[in-house]
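K.L.:
I have a structure here, written as structure tokens, and I will follow up with some questions on it.
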Amino acid sequence: DEREINSDQADGAASIAADGQTIYFATNRNTSVKNDVNIWVATLDGTHWKNIHEVGAPVNTTAWESQPSISPDGKKLFFASNRDGKIGGEGKDNVDIFVSHQLPDGRWSEPVNLGSKINTGKYEGSPFIAADGTTLYFCSSGHGGLGGQDIFQATWKGPSDTDWTTPEPLPAPINSTGNDNFLTVPASGNVLYFTSDREGGNGRFDIYMATNPPKPKPTLVLKGRCFDQVTNENLGAHVTIVDQRTGEKVYDKDANSASGEYLVVLSADKDGM
């Protein structure tokens, strides 16, 4: 129900977790501070969004935190902010991309600036972490390009949150001399959806689709349904998937209480399931 997510304030920039059970979004509700935008979260209970609440500190501050992107395993939250700690100065027009890690108790860690490989003294935003969990797409006005904000792609090398390959701009005609941003790439990697104010559109910003963009790494999509073998009724059972090589739980959540369905996106190199 959209009324359970939307308010009478500005709500948007949503990121839905790979299993479809959690949504992160930006809103300026519940604050009296000018230009204060925060990240909120809600969980899907059957067919209704419930437990709608602010992510809270240390992710949110009285600065601008927006454009969330949740990693496929749900453990990393990327977002754009003009908070303190930016690369190249503290001006409000300087926006950087940060990441926070979910702690074992469900809280979020102190956000880390992705560093000078990703961020510049200008605008970096619209982060989108791909289904492989390591390929980051984002827009920037500080890495050169064709003009305005262009879309770039970089790969996390690790182990630090600041260890990234040098960002590469997506080729024309995906990037243009206008502003190209707010992108999303499905797990297949075959298409890219984005917004642009380039010439030839119907308004200030229009939605575009590009086919065969530079792809992230391959992934494995595993989905199923939990049900009672006697009655065939759907069950919101708890599903745990373990990497047999490492003992790591790569999925540890409840199936949807209405449909009994679950879905997990795994890196294609995890052949020890």
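Chain labels A, B, ... are given in the sequence in which chains occur in the structure tokens; within each chain residues are numbered consecutively from 1, and ligands are likewise numbered from 1 in the order shown.
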Would you return as number ranges by chain the members of range 31-272 of chain A that DSSP assigns to strand (DSSP E) on this structure's backbone?

P.N.:
A: 38-45, 48-54, 65-70, 76-81, 96-101, 112-113, 124-129, 135-140, 150-155, 168-169, 180-184, 191-196, 206-211, 219-225, 238-242, 249-254, 261-267

K.L.:
Neighbouring residues of range 109-126 of chain A were defined as those with any atom within 9 Å, considering only C-alpha atoms; residues of the same chain fewer than 5 positions away were excluded. Please report them as a ChimeraX atom specification.

P.N.:
/A:13,57-59,66-69,77-81,85-91,93-103,137-143,149,151,154,161-167,181-183

K.L.:
Would you save the residues from that selection as a compact mmCIF listing (two decimals), in the first residue's frame, using N, CA and C atoms?

P.N.:
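Result file part_35.txt:
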```txt
# COMPACT_ATOMS: atom_id res chain seq x y z
N ALA A 13 13.72 8.25 -4.12
CA ALA A 13 15.05 7.64 -4.20
C ALA A 13 15.07 6.28 -3.50
N ALA A 57 20.89 7.48 13.49
CA ALA A 57 22.33 7.71 13.57
C ALA A 57 23.04 6.35 13.64
N PRO A 58 24.28 6.27 13.14
CA PRO A 58 25.10 7.36 12.60
C PRO A 58 24.93 7.59 11.09
N VAL A 59 24.00 6.87 10.44
CA VAL A 59 23.79 7.10 9.01
C VAL A 59 23.18 8.47 8.78
N SER A 66 20.78 10.89 1.25
CA SER A 66 19.75 10.50 0.29
C SER A 66 20.30 9.45 -0.67
N GLN A 67 19.46 9.06 -1.63
CA GLN A 67 19.85 8.15 -2.71
C GLN A 67 20.46 6.84 -2.18
N PRO A 68 19.76 6.13 -1.29
CA PRO A 68 20.31 4.89 -0.74
C PRO A 68 20.38 3.78 -1.79
N SER A 69 21.34 2.89 -1.62
CA SER A 69 21.44 1.67 -2.44
C SER A 69 21.90 0.55 -1.53
N LEU A 77 25.05 -0.43 3.08
CA LEU A 77 24.13 0.62 2.64
C LEU A 77 24.96 1.77 2.08
N PHE A 78 24.89 1.96 0.77
CA PHE A 78 25.56 3.07 0.09
C PHE A 78 24.57 4.24 0.01
N PHE A 79 25.10 5.46 0.13
CA PHE A 79 24.22 6.62 0.02
C PHE A 79 25.06 7.85 -0.30
N ALA A 80 24.39 8.92 -0.75
CA ALA A 80 25.02 10.18 -1.07
C ALA A 80 24.73 11.18 0.05
N SER A 81 25.73 12.03 0.35
CA SER A 81 25.54 12.99 1.44
C SER A 81 26.49 14.17 1.29
N GLY A 85 33.28 15.41 6.30
CA GLY A 85 34.13 14.28 5.93
C GLY A 85 34.22 14.05 4.44
N LYS A 86 33.84 15.05 3.64
CA LYS A 86 33.87 14.90 2.18
C LYS A 86 35.28 15.11 1.64
N ILE A 87 35.50 14.58 0.46
CA ILE A 87 36.74 14.81 -0.26
C ILE A 87 36.70 16.19 -0.91
N GLY A 88 37.75 16.99 -0.73
CA GLY A 88 37.86 18.24 -1.47
C GLY A 88 37.12 19.41 -0.87
N GLY A 89 36.80 19.37 0.42
CA GLY A 89 36.19 20.54 1.04
C GLY A 89 34.81 20.27 1.58
N GLU A 90 34.33 21.18 2.43
CA GLU A 90 33.08 20.98 3.14
C GLU A 90 31.92 21.81 2.60
N GLY A 91 32.03 22.31 1.38
CA GLY A 91 30.93 23.08 0.81
C GLY A 91 29.67 22.24 0.65
N ASP A 93 27.57 22.16 -1.67
CA ASP A 93 27.38 21.68 -3.04
C ASP A 93 28.27 20.48 -3.35
N ASN A 94 29.21 20.19 -2.47
CA ASN A 94 30.08 19.03 -2.63
C ASN A 94 29.38 17.83 -2.02
N VAL A 95 29.01 16.86 -2.83
CA VAL A 95 28.31 15.66 -2.37
C VAL A 95 29.18 14.44 -2.65
N ASP A 96 29.32 13.58 -1.65
CA ASP A 96 30.14 12.36 -1.77
C ASP A 96 29.29 11.13 -1.50
N ILE A 97 29.83 9.98 -1.86
CA ILE A 97 29.18 8.69 -1.61
C ILE A 97 29.84 8.03 -0.40
N PHE A 98 29.01 7.53 0.50
CA PHE A 98 29.45 6.88 1.73
C PHE A 98 28.88 5.46 1.78
N VAL A 99 29.44 4.62 2.66
CA VAL A 99 28.90 3.29 2.89
C VAL A 99 28.89 3.00 4.38
N SER A 100 27.85 2.32 4.82
CA SER A 100 27.72 1.87 6.21
C SER A 100 27.46 0.38 6.21
N HIS A 101 28.01 -0.34 7.20
CA HIS A 101 27.85 -1.78 7.31
C HIS A 101 26.85 -2.12 8.41
N GLN A 102 26.00 -3.10 8.13
CA GLN A 102 25.06 -3.54 9.17
C GLN A 102 25.78 -4.41 10.19
N LEU A 103 25.61 -4.08 11.45
CA LEU A 103 26.25 -4.80 12.55
C LEU A 103 25.40 -6.01 12.94
N TYR A 137 27.92 1.58 -9.76
CA TYR A 137 27.61 2.60 -10.74
C TYR A 137 27.27 3.88 -9.97
N PHE A 138 27.66 5.01 -10.49
CA PHE A 138 27.34 6.27 -9.84
C PHE A 138 27.45 7.40 -10.85
N CYS A 139 26.93 8.57 -10.50
CA CYS A 139 27.07 9.72 -11.38
C CYS A 139 28.06 10.70 -10.76
N SER A 140 28.73 11.46 -11.61
CA SER A 140 29.74 12.40 -11.13
C SER A 140 29.89 13.56 -12.09
N SER A 141 30.17 14.72 -11.51
CA SER A 141 30.54 15.89 -12.31
C SER A 141 32.02 16.20 -12.12
N GLY A 142 32.74 15.32 -11.40
CA GLY A 142 34.13 15.60 -11.06
C GLY A 142 35.15 14.68 -11.68
N HIS A 143 34.73 13.75 -12.52
CA HIS A 143 35.65 12.79 -13.14
C HIS A 143 35.82 13.05 -14.63
N GLN A 149 26.63 15.80 -15.32
CA GLN A 149 26.87 14.59 -14.54
C GLN A 149 26.84 13.39 -15.49
N ILE A 151 27.60 9.02 -15.95
CA ILE A 151 27.53 7.77 -15.21
C ILE A 151 28.86 7.03 -15.33
N ALA A 154 32.78 1.43 -11.35
CA ALA A 154 34.01 1.05 -10.67
C ALA A 154 33.77 -0.26 -9.94
N ASP A 161 37.00 -0.18 2.52
CA ASP A 161 35.87 0.44 1.82
C ASP A 161 36.33 1.47 0.79
N THR A 162 37.60 1.86 0.83
CA THR A 162 38.12 2.86 -0.11
C THR A 162 38.92 2.24 -1.25
N ASP A 163 38.96 0.90 -1.33
CA ASP A 163 39.76 0.21 -2.34
C ASP A 163 38.92 -0.07 -3.58
N TRP A 164 38.99 0.82 -4.57
CA TRP A 164 38.20 0.73 -5.79
C TRP A 164 39.11 0.85 -7.01
N THR A 165 38.67 0.26 -8.11
CA THR A 165 39.36 0.50 -9.37
C THR A 165 39.06 1.92 -9.83
N THR A 166 39.85 2.40 -10.77
CA THR A 166 39.62 3.74 -11.31
C THR A 166 38.29 3.77 -12.06
N PRO A 167 37.40 4.69 -11.72
CA PRO A 167 36.08 4.73 -12.38
C PRO A 167 36.20 4.94 -13.89
N ASN A 181 21.89 10.42 -14.65
CA ASN A 181 22.00 9.96 -13.26
C ASN A 181 20.83 9.05 -12.89
N PHE A 182 20.70 8.76 -11.60
CA PHE A 182 19.61 7.96 -11.04
C PHE A 182 19.41 6.66 -11.83
N LEU A 183 20.38 5.76 -11.72
CA LEU A 183 20.39 4.57 -12.55
C LEU A 183 20.08 3.31 -11.76
```

K.L.:
Write out as CSV the residues of range 100-167 of chain A that have any atom within 6 Å of an atom of range 172-177 of chain A, one row each with the nearest atom pair and its distance in Å to one decimal, counting only C-alpha atoms, sorted by chain and then rising number.

P.N.:
```
residue,atom,partner,partner_atom,distance
A:Leu146,CA,A:Thr177,CA,5.0
A:Gly147,CA,A:Thr177,CA,4.4
A:Asp150,CA,A:Asn175,CA,5.6
```

K.L.:
Suppose we keep N, CA, C and O atoms; can you now write the selection as a JSON list (two decimals), in the first residue's frame?

P.N.:
```
[["chain", "number", "residue", "atom", "x", "y", "z"],
["A", 146, "LEU", "N", 31.49, 13.73, -20.69],
["A", 146, "LEU", "CA", 30.93, 14.46, -21.83],
["A", 146, "LEU", "C", 30.28, 15.78, -21.44],
["A", 146, "LEU", "O", 29.95, 16.58, -22.30],
["A", 147, "GLY", "N", 30.08, 15.98, -20.12],
["A", 147, "GLY", "CA", 29.46, 17.22, -19.67],
["A", 147, "GLY", "C", 28.41, 16.94, -18.63],
["A", 147, "GLY", "O", 27.78, 15.87, -18.61],
["A", 150, "ASP", "N", 27.89, 12.61, -15.47],
["A", 150, "ASP", "CA", 27.96, 11.39, -16.28],
["A", 150, "ASP", "C", 27.93, 10.17, -15.37],
["A", 150, "ASP", "O", 28.21, 10.25, -14.17]]
```

K.L.:
Can you pull out every residue within 10 Å of Val242 in chain A, counting only C-alpha atoms, but drop anything in the same chain fewer than 3 positions away, and send it as a list in words?

P.N.:
Arg245, Thr246, Gly247, Glu248, Lys249, Val250, Tyr251, Asp252, Gly272 and Met273 of chain A

K.L.:
For Gly12 in chain A, list every protein, DNA or RNA residue within 10 Å, evaluated using only C-alpha atoms, and leave out those in the same chain fewer than 6 positions away; present the list as a PyMOL selection string.

P.N.:
chain A and resi 5-6+24-28+39+66-68

K.L.:
What does the file look like for those residues with C-alpha atoms, as a PDB file, in the first residue's frame?

P.N.:
```pdb
ATOM      1  CA  ILE A   5       5.347   4.456   2.534  1.00  0.00           C
ATOM      2  CA  ASN A   6       4.423   7.884   1.169  1.00  0.00           C
ATOM      3  CA  TYR A  24      15.137   1.986   1.857  1.00  0.00           C
ATOM      4  CA  PHE A  25      14.068   5.474   0.801  1.00  0.00           C
ATOM      5  CA  ALA A  26      14.838   9.143   1.370  1.00  0.00           C
ATOM      6  CA  THR A  27      12.422  11.594   2.959  1.00  0.00           C
ATOM      7  CA  ASN A  28      12.352  14.950   4.703  1.00  0.00           C
ATOM      8  CA  ILE A  39      17.072   7.603   4.976  1.00  0.00           C
ATOM      9  CA  SER A  66      19.753  10.502   0.290  1.00  0.00           C
ATOM     10  CA  GLN A  67      19.851   8.148  -2.711  1.00  0.00           C
ATOM     11  CA  PRO A  68      20.314   4.887  -0.744  1.00  0.00           C
TER      12      PRO A  68
END
```

K.L.:
I want to know what sits within 9 Å of Asn60 in chain A, based on only C-alpha atoms, with residues of the same chain fewer than 5 positions away left out; could you give that as a PyMOL selection string?

P.N.:
chain A and resi 37-39+54-55+65

K.L.:
For a quick check of understanding, using only C-alpha atoms, which of A:Glu199, A:Glu233, A:Asp206, A:Asp19 has the smallest distance to Gly74 in chain A?

P.N.:
A:Asp19

K.L.:
Need to verify the contact set: Gly224 in chain A, 8 Å, only C-alpha atoms, exclusion of same-chain residues closer than 2 positions in sequence. Can you return it as a CSV table (one decimal) with N, CA and C atoms, in the first residue's frame?

P.N.:
```csv
chain,number,residue,atom,x,y,z
A,222,LEU,N,18.7,-17.4,-6.8
A,222,LEU,CA,18.1,-18.6,-6.2
A,222,LEU,C,16.8,-18.2,-5.6
A,226,CYS,N,8.2,-21.6,0.3
A,226,CYS,CA,8.0,-22.5,1.5
A,226,CYS,C,6.5,-22.7,1.7
A,261,GLU,N,7.4,-17.0,-0.6
A,261,GLU,CA,8.5,-17.0,-1.5
A,261,GLU,C,9.7,-16.3,-0.9
A,262,TYR,N,10.8,-16.7,-1.4
A,262,TYR,CA,12.1,-16.1,-1.0
A,262,TYR,C,13.0,-16.0,-2.3
A,263,LEU,N,13.9,-15.1,-2.3
A,263,LEU,CA,14.8,-14.9,-3.4
A,263,LEU,C,16.1,-14.4,-2.9
```

K.L.:
Write out as a VMD selection string the residues lying within 9 Å of Ala268 in chain A, counting only C-alpha atoms and excluding same-chain residues fewer than 6 positions away.

P.N.:
chain A and resid 132 217 to 221

K.L.:
Those residues with N, CA, C and O atoms, as a PDB file, in the first residue's frame please?

P.N.:
```pdb
ATOM      1  N   ASP A 132      26.202  -8.201  -8.211  1.00  0.00           N
ATOM      2  CA  ASP A 132      27.402  -8.958  -7.843  1.00  0.00           C
ATOM      3  C   ASP A 132      28.007  -8.473  -6.535  1.00  0.00           C
ATOM      4  O   ASP A 132      28.935  -9.091  -6.000  1.00  0.00           O
ATOM      5  N   LYS A 217      29.695  -8.412 -12.780  1.00  0.00           N
ATOM      6  CA  LYS A 217      30.053  -9.829 -12.795  1.00  0.00           C
ATOM      7  C   LYS A 217      28.792 -10.707 -12.802  1.00  0.00           C
ATOM      8  O   LYS A 217      27.728 -10.284 -12.352  1.00  0.00           O
ATOM      9  N   PRO A 218      28.892 -11.949 -13.290  1.00  0.00           N
ATOM     10  CA  PRO A 218      27.720 -12.837 -13.306  1.00  0.00           C
ATOM     11  C   PRO A 218      27.231 -13.155 -11.893  1.00  0.00           C
ATOM     12  O   PRO A 218      28.008 -13.159 -10.931  1.00  0.00           O
ATOM     13  N   THR A 219      25.939 -13.402 -11.780  1.00  0.00           N
ATOM     14  CA  THR A 219      25.335 -13.747 -10.496  1.00  0.00           C
ATOM     15  C   THR A 219      24.454 -14.979 -10.642  1.00  0.00           C
ATOM     16  O   THR A 219      24.093 -15.385 -11.748  1.00  0.00           O
ATOM     17  N   LEU A 220      24.108 -15.550  -9.503  1.00  0.00           N
ATOM     18  CA  LEU A 220      23.208 -16.695  -9.445  1.00  0.00           C
ATOM     19  C   LEU A 220      21.982 -16.281  -8.649  1.00  0.00           C
ATOM     20  O   LEU A 220      22.103 -15.841  -7.494  1.00  0.00           O
ATOM     21  N   VAL A 221      20.817 -16.372  -9.261  1.00  0.00           N
ATOM     22  CA  VAL A 221      19.566 -16.028  -8.590  1.00  0.00           C
ATOM     23  C   VAL A 221      18.883 -17.312  -8.138  1.00  0.00           C
ATOM     24  O   VAL A 221      18.557 -18.179  -8.956  1.00  0.00           O
TER      25      VAL A 221
END
```

K.L.:
I need the residue nearest Lys223 in chain A from this list: A:Gly260, A:Gly148, A:Pro104, A:Pro169. Use only C-alpha atoms for the distance.

P.N.:
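So, comparing all the options, the nearest one is A:Gly260.
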
K.L.:
For the atom pair CA of Ser196 in chain A and CA of Pro127 in chain A, what is the interatomic distance in Å to one decimal place?

P.N.:
15.4 Å

K.L.:
Would you mind telling me which residue in A:Pro72, A:Ser15, A:Asn82, A:Arg225 lies nearest to Ser267 in chain A when using only C-alpha atoms?

P.N.:
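With only C-alpha atoms as the atom set, the closest residue is A:Pro72.
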
K.L.:
Hey, can you check how far CA of Gln21 in chain A sits from CA of Ser259 in chain A?

P.N.:
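Going from CA of Gln21 in chain A over to CA of Ser259 in chain A covers 11.7 Å.
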
K.L.:
For a quick check of understanding, using only C-alpha atoms, which of A:Gly56, A:Ala63, A:Gly144, A:Val41 has the smallest distance to Arg107 in chain A?

P.N.:
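Result for the nearest residue to Arg107 in chain A: A:Gly56.
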